[in-house]
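Shown next: final_16.cif, given as mmCIF, C-alpha atoms (C1' of nucleotides).
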data_coords
#
loop_
_atom_site.label_atom_id
_atom_site.label_comp_id
_atom_site.auth_asym_id
_atom_site.auth_seq_id
_atom_site.Cartn_x
_atom_site.Cartn_y
_atom_site.Cartn_z
CA MET A 618 171.62 91.16 30.84
CA ALA A 619 173.42 91.00 34.13
CA ARG A 620 171.30 91.24 37.23
CA ILE A 621 171.68 94.42 39.23
CA GLN A 622 173.88 93.63 42.17
CA SER A 623 172.78 93.91 45.78
CA LYS A 624 175.19 96.64 46.86
CA LYS A 625 176.94 99.61 45.32
CA ASN A 626 179.23 98.81 42.41
CA SER A 627 180.19 95.36 43.59
CA THR A 628 179.25 92.20 41.80
CA LYS A 629 178.17 89.32 43.98
CA LYS A 630 181.48 87.66 43.18
CA GLU A 631 183.33 90.61 44.64
CA ILE A 632 181.17 90.49 47.74
CA ILE A 633 181.96 86.81 48.20
CA ILE A 634 185.66 87.45 47.84
CA GLU A 635 185.52 90.29 50.33
CA LYS A 636 183.68 88.24 52.95
CA ALA A 637 185.91 85.23 52.30
CA ALA A 638 189.01 87.39 52.72
CA LYS A 639 187.93 88.38 56.19
CA LEU A 640 187.47 84.75 57.16
CA PHE A 641 190.70 83.59 55.52
CA ARG A 642 192.54 86.20 57.52
CA GLU A 643 190.81 85.37 60.79
CA LYS A 644 190.91 81.58 60.63
CA GLY A 645 193.30 80.74 57.81
CA PHE A 646 192.39 79.42 54.36
CA GLY A 647 192.13 75.81 55.45
CA ALA A 648 190.02 76.46 58.52
CA ALA A 649 187.52 78.72 56.77
CA SER A 650 184.95 76.49 55.12
CA MET A 651 182.66 77.22 52.22
CA ARG A 652 179.78 76.94 54.66
CA ASP A 653 181.39 79.61 56.85
CA ILE A 654 181.73 81.88 53.85
CA ALA A 655 178.20 81.20 52.71
CA GLU A 656 176.83 82.10 56.11
CA THR A 657 178.46 85.53 56.18
CA VAL A 658 177.25 86.16 52.63
CA GLY A 659 173.76 85.10 53.68
CA VAL A 660 173.33 82.18 51.34
CA GLU A 661 173.73 78.39 51.23
CA ALA A 662 177.16 76.99 50.45
CA ALA A 663 176.08 75.47 47.16
CA SER A 664 174.82 78.82 45.92
CA LEU A 665 178.30 80.27 46.01
CA TYR A 666 179.11 78.14 43.00
CA ASN A 667 176.85 80.26 40.83
CA HIS A 668 179.43 83.01 41.20
CA ILE A 669 182.76 81.30 41.70
CA GLN A 670 184.29 78.12 40.40
CA SER A 671 186.05 76.86 43.50
CA LYS A 672 187.34 77.82 46.91
CA SER A 673 190.85 78.24 45.62
CA GLU A 674 189.68 80.58 42.89
CA ILE A 675 188.92 83.04 45.70
CA LEU A 676 192.45 82.71 47.00
CA GLN A 677 193.85 83.16 43.51
CA ALA A 678 191.84 86.31 42.96
CA ILE A 679 193.15 87.81 46.18
CA CYS A 680 196.79 86.85 45.79
CA PHE A 681 197.13 87.98 42.19
CA LYS A 682 195.19 91.20 42.68
CA ILE A 683 197.69 92.25 45.33
CA ALA A 684 200.71 90.97 43.45
CA ASN A 685 199.68 92.98 40.41
CA GLU A 686 199.22 96.16 42.40
CA PHE A 687 202.73 95.89 43.83
CA ILE A 688 204.29 95.08 40.49
CA SER A 689 202.61 97.89 38.64
CA HIS A 690 203.55 100.38 41.35
CA LEU A 691 207.14 99.22 41.13
CA GLU A 692 207.12 99.81 37.39
CA ASP A 693 205.99 103.38 37.97
CA VAL A 694 208.82 103.95 40.43
CA GLU A 695 211.42 102.40 38.16
CA ARG A 696 210.43 104.86 35.44
CA ASN A 697 210.91 107.84 37.76
CA THR A 698 214.14 109.79 37.94
CA GLU A 699 214.29 110.63 41.63
CA SER A 700 217.20 109.74 43.87
CA ILE A 701 217.51 106.10 44.78
CA LEU A 702 216.78 106.81 48.42
CA LYS A 703 213.62 108.64 47.43
CA LYS A 704 212.59 105.69 45.29
CA MET A 705 213.03 103.34 48.20
CA GLU A 706 211.04 105.61 50.45
CA THR A 707 208.22 105.73 47.93
CA ILE A 708 208.17 101.95 47.75
CA ILE A 709 208.30 101.54 51.51
CA ARG A 710 205.47 104.00 51.98
CA PHE A 711 203.41 102.23 49.36
CA HIS A 712 203.88 98.91 51.12
CA ILE A 713 202.93 100.40 54.45
CA ARG A 714 199.82 102.05 53.03
CA MET A 715 198.76 98.83 51.36
CA MET A 716 199.11 97.15 54.73
CA LEU A 717 196.98 99.86 56.27
CA GLU A 718 194.32 100.16 53.59
CA GLN A 719 194.05 96.68 52.17
CA TYR A 720 195.01 94.77 55.27
CA GLU A 721 192.94 91.64 54.70
CA TYR A 722 194.03 91.10 51.12
CA VAL A 723 197.69 91.84 51.73
CA TYR A 724 197.75 89.61 54.76
CA ILE A 725 196.32 86.71 52.81
CA SER A 726 198.68 87.29 49.93
CA ASP A 727 201.53 87.26 52.47
CA HIS A 728 200.47 84.24 54.51
CA GLU A 729 198.08 81.99 52.65
CA TRP A 730 199.68 81.80 49.22
CA ARG A 731 201.01 78.34 49.90
CA HIS A 732 197.49 76.97 49.59
CA LEU A 733 197.39 78.05 45.97
CA PRO A 734 197.11 75.05 43.64
CA GLU A 735 199.59 74.58 40.85
CA PRO A 736 200.34 76.14 38.45
CA TYR A 737 199.26 79.28 40.28
CA LEU A 738 201.58 78.58 43.16
CA SER A 739 204.70 78.54 40.98
CA ASN A 740 203.47 81.51 39.06
CA PHE A 741 202.94 83.49 42.26
CA LEU A 742 206.33 82.58 43.67
CA ASN A 743 208.05 83.51 40.43
CA GLN A 744 206.41 86.92 40.46
CA ARG A 745 207.42 87.38 44.05
CA ARG A 746 211.03 86.37 43.46
CA SER A 747 211.26 88.69 40.49
CA TYR A 748 209.75 91.57 42.47
CA ARG A 749 212.26 91.17 45.26
CA LYS A 750 215.08 90.88 42.79
CA ARG A 751 214.12 94.22 41.26
CA LEU A 752 213.97 95.83 44.71
CA GLY A 753 217.44 94.43 45.35
CA ASP A 754 218.68 95.97 42.11
CA ILE A 755 217.46 99.39 43.22
CA ILE A 756 219.35 99.07 46.49
CA ASP A 757 222.39 97.94 44.56
CA GLN A 758 222.26 101.19 42.58
CA GLY A 759 221.91 103.13 45.82
CA ILE A 760 225.14 101.61 47.10
CA THR A 761 226.98 102.18 43.82
CA LYS A 762 225.87 105.81 43.76
CA ASN A 763 227.05 106.14 47.35
CA GLU A 764 223.63 107.10 48.64
CA MET A 765 223.42 104.05 50.86
CA LYS A 766 225.72 102.23 53.21
CA GLU A 767 227.12 98.91 52.09
CA ILE A 768 224.60 96.19 52.76
CA GLU A 769 223.66 92.94 51.11
CA PRO A 770 220.70 93.97 48.91
CA TYR A 771 218.99 90.63 49.44
CA VAL A 772 219.12 91.03 53.21
CA ALA A 773 217.97 94.63 53.03
CA VAL A 774 214.96 93.70 50.92
CA LEU A 775 214.09 90.83 53.24
CA THR A 776 214.35 93.10 56.26
CA ILE A 777 212.22 95.85 54.77
CA LEU A 778 209.44 93.66 53.45
CA SER A 779 209.22 91.51 56.56
CA ALA A 780 209.22 94.50 58.85
CA ILE A 781 206.32 96.00 56.97
CA SER A 782 204.35 92.80 56.88
CA GLY A 783 204.56 92.86 60.67
CA ILE A 784 202.05 95.69 60.62
CA GLU A 785 199.61 92.81 60.62
CA SER A 786 200.20 92.57 64.36
CA TRP A 787 199.40 96.26 64.80
CA GLN A 788 196.15 95.74 62.90
CA ARG A 789 195.14 92.99 65.28
CA SER A 790 195.99 95.02 68.37
CA ARG A 791 194.21 97.76 70.24
CA LYS A 792 196.11 100.36 68.25
CA SER A 793 197.27 102.64 70.99
CA THR A 794 199.68 103.89 68.32
CA SER A 795 198.11 105.81 65.44
CA ALA A 796 198.53 104.81 61.82
CA GLU A 797 200.41 108.06 61.15
CA THR A 798 202.88 107.47 63.97
CA LEU A 799 203.35 103.93 62.80
CA GLU A 800 204.09 104.94 59.22
CA ALA A 801 206.35 107.85 60.15
CA ASN A 802 208.45 105.86 62.57
CA MET A 803 208.78 102.76 60.48
CA VAL A 804 209.81 104.77 57.44
CA LYS A 805 212.32 106.62 59.59
CA TYR A 806 213.80 103.42 60.97
CA LEU A 807 214.02 101.64 57.62
CA ILE A 808 215.36 104.63 55.67
CA GLU A 809 217.86 105.84 58.28
CA GLY A 810 219.20 102.29 58.44
CA LEU A 811 219.94 102.46 54.73
CA LYS A 812 221.42 105.98 54.51
CA LYS A 813 225.15 106.38 54.27
CA MET B 155 209.72 50.90 83.93
CA ALA B 156 209.91 53.22 80.98
CA ARG B 157 210.65 51.63 77.65
CA ILE B 158 213.98 52.53 76.10
CA GLN B 159 213.28 54.97 73.30
CA SER B 160 214.03 54.27 69.69
CA LYS B 161 216.60 57.00 69.12
CA LYS B 162 219.18 58.86 71.14
CA ASN B 163 217.89 60.73 74.18
CA SER B 164 214.48 61.52 72.75
CA THR B 165 211.26 60.14 74.11
CA LYS B 166 208.72 59.03 71.55
CA LYS B 167 206.64 62.06 72.47
CA GLU B 168 209.52 64.32 71.50
CA ILE B 169 209.93 62.47 68.24
CA ILE B 170 206.26 62.93 67.46
CA ILE B 171 206.46 66.64 68.22
CA GLU B 172 209.53 67.02 66.04
CA LYS B 173 207.95 65.27 63.06
CA ALA B 174 204.69 67.13 63.59
CA ALA B 175 206.54 70.44 63.67
CA LYS B 176 207.99 69.79 60.25
CA LEU B 177 204.53 69.08 58.87
CA PHE B 178 202.89 72.02 60.64
CA ARG B 179 205.49 74.29 59.10
CA GLU B 180 205.16 72.81 55.61
CA LYS B 181 201.37 72.55 55.39
CA GLY B 182 200.05 74.56 58.32
CA PHE B 183 198.49 73.21 61.50
CA GLY B 184 195.06 72.71 60.00
CA ALA B 185 196.22 70.99 56.85
CA ALA B 186 198.55 68.55 58.60
CA SER B 187 196.45 65.63 59.74
CA MET B 188 197.11 63.15 62.51
CA ARG B 189 197.38 60.50 59.81
CA ASP B 190 200.08 62.56 58.07
CA ILE B 191 201.99 62.82 61.31
CA ALA B 192 201.55 59.13 62.06
CA GLU B 193 202.94 58.22 58.66
CA THR B 194 206.16 60.16 59.10
CA VAL B 195 206.56 58.67 62.57
CA GLY B 196 205.99 55.21 61.10
CA VAL B 197 202.89 54.27 63.03
CA GLU B 198 199.10 54.29 62.78
CA ALA B 199 197.27 57.49 63.71
CA ALA B 200 195.54 55.95 66.70
CA SER B 201 198.87 54.88 68.17
CA LEU B 202 199.95 58.47 68.57
CA TYR B 203 197.44 58.75 71.40
CA ASN B 204 199.56 56.48 73.57
CA HIS B 205 202.04 59.36 73.75
CA ILE B 206 200.08 62.57 73.36
CA GLN B 207 196.65 63.65 74.44
CA SER B 208 195.53 65.60 71.40
CA LYS B 209 196.69 67.31 68.25
CA SER B 210 196.61 70.69 69.88
CA GLU B 211 198.79 69.49 72.73
CA ILE B 212 201.56 69.24 70.15
CA LEU B 213 201.00 72.84 69.15
CA GLN B 214 200.96 73.94 72.78
CA ALA B 215 204.23 72.17 73.48
CA ILE B 216 205.90 73.92 70.57
CA CYS B 217 204.55 77.40 71.18
CA PHE B 218 205.29 77.49 74.89
CA LYS B 219 208.72 75.91 74.57
CA ILE B 220 209.76 78.74 72.27
CA ALA B 221 208.02 81.43 74.28
CA ASN B 222 209.84 80.28 77.41
CA GLU B 223 213.21 80.32 75.71
CA PHE B 224 212.73 83.90 74.60
CA ILE B 225 211.47 85.05 77.96
CA SER B 226 214.25 83.45 79.93
CA HIS B 227 216.87 84.87 77.58
CA LEU B 228 215.36 88.31 78.00
CA GLU B 229 215.59 87.96 81.77
CA ASP B 230 219.30 87.21 81.45
CA VAL B 231 219.81 90.30 79.33
CA GLU B 232 217.82 92.52 81.66
CA ARG B 233 220.08 91.49 84.52
CA ASN B 234 223.22 92.45 82.59
CA THR B 235 224.84 95.85 82.91
CA GLU B 236 226.03 96.44 79.35
CA SER B 237 225.06 99.48 77.31
CA ILE B 238 221.51 99.56 76.06
CA LEU B 239 222.63 99.28 72.47
CA LYS B 240 224.67 96.21 73.34
CA LYS B 241 221.63 94.70 75.04
CA MET B 242 219.53 95.22 71.96
CA GLU B 243 222.20 93.68 69.77
CA THR B 244 222.33 90.64 72.03
CA ILE B 245 218.58 90.23 71.83
CA ILE B 246 218.51 90.71 68.08
CA ARG B 247 221.27 88.16 67.60
CA PHE B 248 219.48 85.70 69.82
CA HIS B 249 216.30 86.05 67.80
CA ILE B 250 218.19 85.57 64.56
CA ARG B 251 220.00 82.50 65.85
CA MET B 252 216.75 80.99 67.08
CA MET B 253 215.37 81.54 63.60
CA LEU B 254 218.41 79.81 62.14
CA GLU B 255 218.73 76.92 64.57
CA GLN B 256 215.16 76.21 65.62
CA TYR B 257 213.47 77.30 62.46
CA GLU B 258 210.52 74.91 62.52
CA TYR B 259 209.55 75.58 66.11
CA VAL B 260 209.97 79.34 65.90
CA TYR B 261 208.05 79.50 62.65
CA ILE B 262 205.13 77.62 64.17
CA SER B 263 205.20 79.73 67.29
CA ASP B 264 205.12 82.81 65.02
CA HIS B 265 202.43 81.69 62.59
CA GLU B 266 200.27 78.91 63.97
CA TRP B 267 199.59 80.17 67.49
CA ARG B 268 196.09 81.23 66.57
CA HIS B 269 195.05 77.57 66.42
CA LEU B 270 195.78 77.21 70.11
CA PRO B 271 192.63 76.43 72.09
CA GLU B 272 191.65 78.58 75.03
CA PRO B 273 192.88 79.22 77.64
CA TYR B 274 196.29 78.60 76.06
CA LEU B 275 195.65 81.15 73.35
CA SER B 276 195.07 84.02 75.78
CA ASN B 277 197.96 82.87 77.87
CA PHE B 278 200.28 82.85 74.88
CA LEU B 279 199.18 86.27 73.70
CA ASN B 280 199.63 87.73 77.16
CA GLN B 281 203.18 86.42 77.34
CA ARG B 282 203.87 87.84 73.93
CA ARG B 283 202.47 91.25 74.74
CA SER B 284 204.46 91.38 77.94
CA TYR B 285 207.65 90.34 76.14
CA ARG B 286 207.27 93.07 73.56
CA LYS B 287 206.47 95.60 76.24
CA ARG B 288 209.74 94.79 78.00
CA LEU B 289 211.66 95.15 74.75
CA GLY B 290 210.00 98.51 74.29
CA ASP B 291 211.11 99.56 77.75
CA ILE B 292 214.71 98.76 76.89
CA ILE B 293 214.51 100.93 73.80
CA ASP B 294 212.93 103.66 75.89
CA GLN B 295 215.97 103.62 78.17
CA GLY B 296 218.24 103.79 75.12
CA ILE B 297 216.53 106.96 73.99
CA THR B 298 216.61 108.50 77.46
CA LYS B 299 220.31 107.72 77.80
CA ASN B 300 220.87 109.31 74.40
CA GLU B 301 222.27 106.12 72.89
CA MET B 302 219.47 105.86 70.36
CA LYS B 303 217.65 108.23 68.05
CA GLU B 304 214.12 109.18 68.95
CA ILE B 305 211.73 106.53 67.78
CA GLU B 306 208.44 105.12 69.00
CA PRO B 307 209.56 102.08 71.01
CA TYR B 308 206.47 100.12 69.99
CA VAL B 309 207.19 100.68 66.32
CA ALA B 310 210.87 99.83 66.74
CA VAL B 311 210.04 96.56 68.45
CA LEU B 312 207.49 95.69 65.80
CA THR B 313 209.99 96.45 63.06
CA ILE B 314 212.78 94.44 64.62
CA LEU B 315 210.77 91.35 65.45
CA SER B 316 208.96 91.24 62.13
CA ALA B 317 212.13 91.75 60.16
CA ILE B 318 213.73 88.80 61.92
CA SER B 319 210.73 86.57 61.50
CA GLY B 320 211.12 87.15 57.76
CA ILE B 321 214.17 84.90 57.86
CA GLU B 322 211.56 82.24 57.36
CA SER B 323 211.60 83.18 53.69
CA TRP B 324 215.39 82.75 53.55
CA GLN B 325 215.03 79.31 55.09
CA ARG B 326 212.63 78.30 52.35
CA SER B 327 214.81 79.63 49.58
CA ARG B 328 217.87 78.26 47.84
CA LYS B 329 220.08 80.18 50.24
CA SER B 330 222.50 81.84 47.86
CA THR B 331 223.24 84.07 50.86
CA SER B 332 225.02 82.38 53.77
CA ALA B 333 223.66 82.35 57.30
CA GLU B 334 226.63 84.44 58.45
CA THR B 335 226.06 87.12 55.82
CA LEU B 336 222.39 87.15 56.67
CA GLU B 337 222.99 87.63 60.38
CA ALA B 338 225.74 90.20 59.98
CA ASN B 339 223.79 92.36 57.55
CA MET B 340 220.50 92.19 59.35
CA VAL B 341 222.11 93.10 62.66
CA LYS B 342 223.89 95.97 60.95
CA TYR B 343 220.69 97.28 59.38
CA LEU B 344 218.61 97.00 62.55
CA ILE B 345 221.27 98.41 64.91
CA GLU B 346 222.45 101.26 62.68
CA GLY B 347 218.83 102.27 62.28
CA LEU B 348 218.59 102.65 66.05
CA LYS B 349 221.90 104.40 66.76
CA LYS B 350 221.94 108.11 67.39
"C1'" DT C 1349 152.28 85.86 27.53
"C1'" DA C 1350 156.02 82.91 26.85
"C1'" DC C 1351 160.75 82.11 27.06
"C1'" DA C 1352 165.24 82.34 28.78
"C1'" DT C 1353 168.39 83.26 32.27
"C1'" DG C 1354 170.31 83.90 36.72
"C1'" DT C 1355 170.23 82.67 41.38
"C1'" DC C 1356 168.62 80.26 45.08
"C1'" DC C 1357 167.39 75.99 47.44
"C1'" DT C 1358 167.63 70.93 49.27
"C1'" DA C 1359 169.90 66.67 49.11
"C1'" DA C 1360 173.52 64.08 48.47
"C1'" DC C 1361 178.31 62.41 47.15
"C1'" DA C 1362 182.75 60.61 48.50
"C1'" DG C 1363 186.45 61.70 51.14
"C1'" DT C 1364 188.77 63.38 55.35
"C1'" DT C 1365 188.99 64.95 60.11
"C1'" DG C 1366 190.34 64.06 65.33
"C1'" DT C 1367 189.51 60.75 68.45
"C1'" DT C 1368 187.90 56.41 71.13
"C1'" DA C 1369 187.26 51.37 72.14
"C1'" DG C 1370 188.86 47.06 72.23
"C1'" DT C 1371 192.35 43.83 71.10
"C1'" DT C 1372 196.84 42.04 70.15
"C1'" DT C 1373 201.72 42.38 69.95
"C1'" DT C 1374 206.05 43.50 72.09
"C1'" DG C 1375 209.67 43.80 75.41
"C1'" DT C 1376 211.04 43.69 80.14
"C1'" DT C 1377 210.85 41.99 84.95
"C1'" DT C 1378 210.00 38.57 88.19
"C1'" DA D 625 208.06 30.56 81.87
"C1'" DA D 626 204.58 33.53 83.61
"C1'" DA D 627 203.12 38.06 84.42
"C1'" DC D 628 202.83 42.82 83.47
"C1'" DA D 629 202.69 47.10 81.25
"C1'" DA D 630 203.69 49.87 77.25
"C1'" DA D 631 202.60 50.55 72.76
"C1'" DA D 632 201.13 48.93 68.58
"C1'" DC D 633 197.09 47.44 65.74
"C1'" DT D 634 192.10 47.38 63.44
"C1'" DA D 635 187.69 49.28 63.26
"C1'" DA D 636 184.69 52.54 63.86
"C1'" DC D 637 182.32 57.06 65.35
"C1'" DA D 638 180.23 61.47 64.19
"C1'" DA D 639 181.25 65.58 62.27
"C1'" DC D 640 182.85 68.14 58.60
"C1'" DT D 641 185.09 68.97 53.89
"C1'" DG D 642 184.49 70.91 48.79
"C1'" DT D 643 181.58 70.11 45.30
"C1'" DT D 644 177.68 68.45 42.08
"C1'" DA D 645 172.87 67.39 40.56
"C1'" DG D 646 168.33 68.67 39.99
"C1'" DG D 647 164.63 71.45 40.80
"C1'" DA D 648 162.07 75.90 42.26
"C1'" DC D 649 161.37 80.57 41.73
"C1'" DA D 650 161.90 85.10 40.14
"C1'" DT D 651 163.32 88.41 37.07
"C1'" DG D 652 164.30 90.63 32.34
"C1'" DT D 653 163.55 90.15 27.32
"C1'" DA D 654 161.03 88.80 23.14
#
Could you quickly redo this structure as structure tokens?
Amino acid sequence: MARIQSKKNSTKKEIIIEKAAKLFREKGFGAASMRDIAETVGVEAASLYNHIQSKSEILQAICFKIANEFISHLEDVERNTESILKKMETIIRFHIRMMLEQYEYVYISDHEWRHLPEPYLSNFLNQRRSYRKRLGDIIDQGITKNEMKEIEPYVAVLTILSAISGIESWQRSRKSTSAETLEANMVKYLIEGLKK
Amino acid sequence: MARIQSKKNSTKKEIIIEKAAKLFREKGFGAASMRDIAETVGVEAASLYNHIQSKSEILQAICFKIANEFISHLEDVERNTESILKKMETIIRFHIRMMLEQYEYVYISDHEWRHLPEPYLSNFLNQRRSYRKRLGDIIDQGITKNEMKEIEPYVAVLTILSAISGIESWQRSRKSTSAETLEANMVKYLIEGLKK
DNA sequence: TACATGTCCTAACAGTTGTTAGTTTTGTTT
DNA sequence: AAACAAAACTAACAACTGTTAGGACATGTA
């Protein structure tokens, strides 16, 4: 049947995507060529096509993998019966941890999605809009229940998500601040700013 | 002497940079070709070289123009003798307004700087690091003077700047939220989160 | 052993990239 | 009208893009 793969539990396709992700993050989707990817995989460019269908398929795989993880986590949280503030903290912490643990993928999903071809582009943006809308609804409940100060939910969501995606810049830096300090302080800032 | 320029007070070089900025923002630096730029200017690609030296010169012009504006505004603020919190609010509002009024340029300076060639790249990153350091110092003073809650200055700066740069996503959207609401609420969130 | 399959290779394609050379047009100044 | 310079044009360059075709080899199955 399927050939045993070179490393661990990863298929060659997964290896390609992983290597490509690193390059997409470093140079951008457009500037990372199939020949670049092939070189880091240790193969000729044409050989990649035995495992993937196109360059943009790699981008799709990355963007939708991440989108799905966020959506399914949100569904878990929505089902919970904690306080609204606690829900928001859980979501914020999840975003921060994703940024810490799956940096390359999340970064690409954040910054390179516009190179998705249609209809994937529209699909991705719809999922994203819907996700943010649902976050906004949670904040709306927090205000109604008097747990949070009055703030435009749309603006709060924008602020939170953008702030977290800025962890990208911490990842690129010399990291004189530890991941724990980063998470603790950012959560503090973003949650205290919401509290009534 | 110099030929009268086609429009208003702009030189042709400035027109080229303006049109290029729009394309760089829409498609990314790499994906926007000289022929694309030429078309929106209404000229052949080769003709652009009568006014600029290279594609990356356009990027340099944009990135350093914006960097200089931020730095010189910060110097003004540093010279002032308001409260630390007031200083931070002034800086935050300035960043938000730049994002509202010079969206294309600021976006490029935020997202496309990595395509700068050396030594401009290092230069740009040094300026940026130094700018953030100085913002961190202001926050440090705020904590010392007991105006602000205890928070890692580095993390606070990261949070503030990233949050504001997320206004990019508002710019791209249908803008059901007004610019005024956006500014007011984001300032509120970011300042209240700092206050003791 | 023979067959089938998966994966690699080389070579090539058609198109695009930033940029240069050389020439012609354009508008202003003498 | 003649001269000059700025700025446009056409044509071309070498390099690079994603991708396909066709063949070589090696492995797993019958």
Self-check item: Residues near Glu223 of chain B, cut-off 12 Å, only C-alpha atoms (C1' of nucleotides), skip fewer than 2 positions along chain, as a PyMOL selection string
Solution: chain B and resi 216-221+225-230+245+248-249+252+256+259-260+263+281+285
Practice problem: Enumerate as a PyMOL selection string the residues belonging to chain D that approach chain B to within 8 Å, with all atoms listed in the file taken into account. | Solution: chain D and resi 630-633
Practice problem: Around the point (207.8, 62.8, 73.5) in the file's coordinates, collect all residues with an atom within 12 Å, using all atoms listed in the file, and return them as an MDAnalysis selection string. | Solution: chainID B and resid 159:161 163:174 195 202:207 211:212 215:216
Practice problem: Using the chain letters and numbers from the file, give me the residues hit by the PyMOL selection byres ((chain B) within 10 of (chain A)), as a count of residues only. | Solution: 50
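Using only C-alpha atoms (C1' of nucleotides), the chain C residues found within 8 Å of chain A amount to DG1354, DT1355, DC1356 and DC1357 of chain C.
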Quiz item: What does the distance between atom C1' of DA639 of chain D and atom CA of Ser187 of chain B come to in Å, to one decimal place?
Solution: 15.4 Å
Quiz prompt | Coordinates-based distance that separates atom CA of Arg286 of chain B from atom CA of Leu254 of chain B (Å, one decimal) | solution = 20.7 Å
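Atom pair atom C1' of DT1373 of chain C / atom C1' of DA636 of chain D: separated by 20.7 Å.
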Exercise. Please check which residues have atoms at most 10 Å from (181.9, 69.9, 58.7) in the file's coordinates, counting all atoms listed in the file, and write them as a PyMOL selection string.
Key: (chain A and resi 650-653) or (chain C and resi 1365) or (chain D and resi 639-641)
Exercise. Find the spatial neighbours of Gln758 of chain A, counting all atoms listed in the file, within a cut-off of 12 Å - ignore same-chain residues fewer than 2 positions away - and output them as a ChimeraX atom specification.
Key: /A:695,700-702,704-705,751-756,760-770
Return as lines of an AutoDock Vina configuration file the centre and edge lengths, in Å with one decimal, of the box along x, y and z that encloses every atom of segment 1354-1373 of chain C in the file, padded by 6 Å per side.
center_x = 184.6
center_y = 63.0
center_z = 54.5
size_x = 46.3
size_y = 53.9
size_z = 47.5
Quiz item: Evaluating the PyMOL selection byres ((chain C and resi 1369) around 10) on the displayed file yields which residues, as a PyMOL selection string?
Solution: (chain C and resi 1368+1370-1371) or (chain D and resi 635-636)
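Distances to DT1378 of chain C were evaluated for D:DC637, D:DC628, D:DT643, D:DA650 using only C-alpha atoms (C1' of nucleotides), and the minimum falls at D:DC628.
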Distance query DA1352 of chain C at most 12 Å, all atoms listed in the file, self and fewer than 4 positions along chain excluded, as a PDB file with C-alpha atoms (C1' of nucleotides), keeping the file's coordinate frame:
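Dumped to out-v5.pdb:
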ATOM      1  CA  MET A 618     171.620  91.160  30.840  1.00  0.00           C
TER       2      MET A 618
ATOM      3  C1'  DT D 651     163.320  88.410  37.070  1.00  0.00           C
ATOM      4  C1'  DG D 652     164.300  90.630  32.340  1.00  0.00           C
ATOM      5  C1'  DT D 653     163.550  90.150  27.320  1.00  0.00           C
ATOM      6  C1'  DA D 654     161.030  88.800  23.140  1.00  0.00           C
TER       7       DA D 654
END
